[in-house]
Protein chains: 2
Amino acid sequence: MIKNISRAVIKRLPKYHRYLTELLDRDIDKISSSELSQHIGFTASQIRQDFNHFGGFGQQGYGYNVKSLLNEISLILGLNKSHNTIIIGAGNLGHALANSSSFNKYGFELRALFDINEKLIGTHINGIEVLSFDEISDFIKENQIDIAYICTAVSSAQSVANVLVENGIKGIWNFALVDLEVPKDVIVEDVHLIDNLCTISYFLKN
Amino acid sequence: MIKNISRAVIKRLPKYHRYLTELLDRDIDKISSSELSQHIGFTASQIRQDFNHFGGFGQQGYGYNVKSLLNEISLILGLNKSHNTIIIGAGNLGHALANSSSFNKYGFELRALFDINEKLIGTHINGIEVLSFDEISDFIKENQIDIAYICTAVSSAQSVANVLVENGIKGIWNFALVDLEVPKDVIVEDVHLIDNLCTISYFLKN
């Protein structure tokens with residue numbers, strides 16, 4: 001059932017997850033699609049369509065049970081299990097990501113950073129050690145790493161990705177401004193920050 | 001003409017810009033939509049559809065002139081003029097963004113960072129000074145700032161956005177994991193990093 005769901009629907013799921021978590025924190029148990037629409041900014045029709053991809057989740061006219069809806073979306077996103085992650089590149093961006101507390105809350109547990117800079121190797125960021133890139137193969141195998149964040153310079157990103165793929169990593173979060181070539185079974189999510197700025201520039205102009 | 005273009009089309013323009021810049025660097029003058037398709041990964045039909053929103057840019061069967069196509073897309077994105085930018089929040093993420101060299105290349109010129117932490121105020125990051133948040137109103141007016149990057153904690157982001165809006169900022173790049181409420185004429189681009197990780201988690205599972 002889940003195979004044919006469009007990327008656009010998948011991309012909206014984390015936002016549903018976030019809003020439902022907030023509703024639960026505010027002790028709201030039930031919510032209709034139109035109330036949810038007011039909070040989240042998608043139309044009620046959009047919300048019902050999205051949810052119908054997964055069997056609907058609730059009865060129309062009665063509303064959704066917030067807790068079970070949140071559980072269902074967590075399951076769909078695979079957030080019921082934790083993920084072991086590593087960062088390659090312990091520069092400013094690597095630091096910023098290592099210091100982010102929100103990833104941990106979602107079960108993305110940072111196990112190590114890697115760098116080639118001797119000055120950084122052996123230091124700790126937010127309690128996590130920076131290791132030599134030479135150690136990455138053994139580390140990935142011994143620690144069942146499934147997601148790697150590439151925070152290197154553009155010039156190193158593809159060769160880093162190759163090493164990750166050789167060591168069985170299936171999820172790459174790429175911050176380098178380059179489109180990585182990887183086998184089809186490897187998932188790459190790009191954060192090309194300049195693209196956001198270009199979008200802002202476009203809308204400022206128009 | 002440009003008013004009804006979908007957000008999805010706009011979001012693809014920076015990628016066209018990037019690839020065309022690379023082609024130009026490699027002295028490639030002409031390219032067909034099918035050759036461009038092989039480079040960029042969108043279908044040739046998608047590319048022609050996208051370009052038709054802006055009048056087409058070239059003759060089918062003859063191919064596009066890379067330089068003039070790049071110029072047209074730069075104009076559409078408003079990249080022919082530079083933008084004055086500021087960062088609010090001089091923590092790790094603010095540091096990482098201040099140190100990024102790619103933004104400058106596109107004409108996004110960082111003028112200052114702002115923070116409330118006395119230890120950071122007066123320091124410099126990549127040659128740019130960290131100023132007290134108290135000075136932000138005067139600074140925005142005197143330096144014709146048009147885009148602000150919010151790199152603060154979630155708890156401060158909305159109040160920072162309010163100050164920015166009061167001072168006439170129309171473009172906000174928001175890294176805090178909160179959906180900001182702003183007037184309709186203010187553009188907000190969110191970078192909600194956890195959403196990317198959730199997407200990776202989904203595809204790893206499915």
# chains A, B, ... in the order shown; residues from 1 in each chain; ligands from 1

call {"tool": "interface_residues", "arguments": {"of": "chain A", "to": "chain B", "cutoff": "6 Å", "atoms": "only C-alpha atoms", "output": "PyMOL selection string"}}
result
chain A and resi 14+77-78+92-93+96+195+201-202

call {"tool": "select_by_dssp", "arguments": {"residues": "region 7-178 of chain B", "states": "helix (DSSP H, G or I)", "output": "ChimeraX atom specification"}}
result
/B:7-25,33-40,44-52,66-76,92-98,102-105,133-142,154-166

call {"tool": "select_by_dssp", "arguments": {"residues": "region 53-165 of chain B", "states": "strand (DSSP E)", "output": "ChimeraX atom specification"}}
result
/B:64-65,83-88,108-115,124-125,128-132,147-150

call {"tool": "closest_residue", "arguments": {"among": "A:Ile5, A:Glu166, A:Glu22, A:Ser68", "to": "Asp50 (chain A)", "atoms": "only C-alpha atoms"}}
result
A:Ile5

call {"tool": "residues_around", "arguments": {"residues": "region 26-39 of chain B", "least_positions_apart": "2", "cutoff": "12 Å", "atoms": "only C-alpha atoms", "output": "ChimeraX atom specification"}}
result
/A:179,181 /B:15-24,41-51,56-70

call {"tool": "atom_distance", "arguments": {"atom1": "CA of Asn174 (chain A)", "atom2": "CA of Ile150 (chain A)"}}
result
4.9 Å

call {"tool": "closest_residue", "arguments": {"among": "B:Val182, B:Val9, B:Leu164, B:Ile88", "to": "Cys151 (chain B)", "atoms": "only C-alpha atoms"}}
result
B:Ile88

call {"tool": "residues_around", "arguments": {"residues": "region 137-140 of chain B", "least_positions_apart": "4", "cutoff": "8 Å", "atoms": "only C-alpha atoms", "output": "NGL selection string"}}
result
:B and (144-145 or 163-164 or 167)
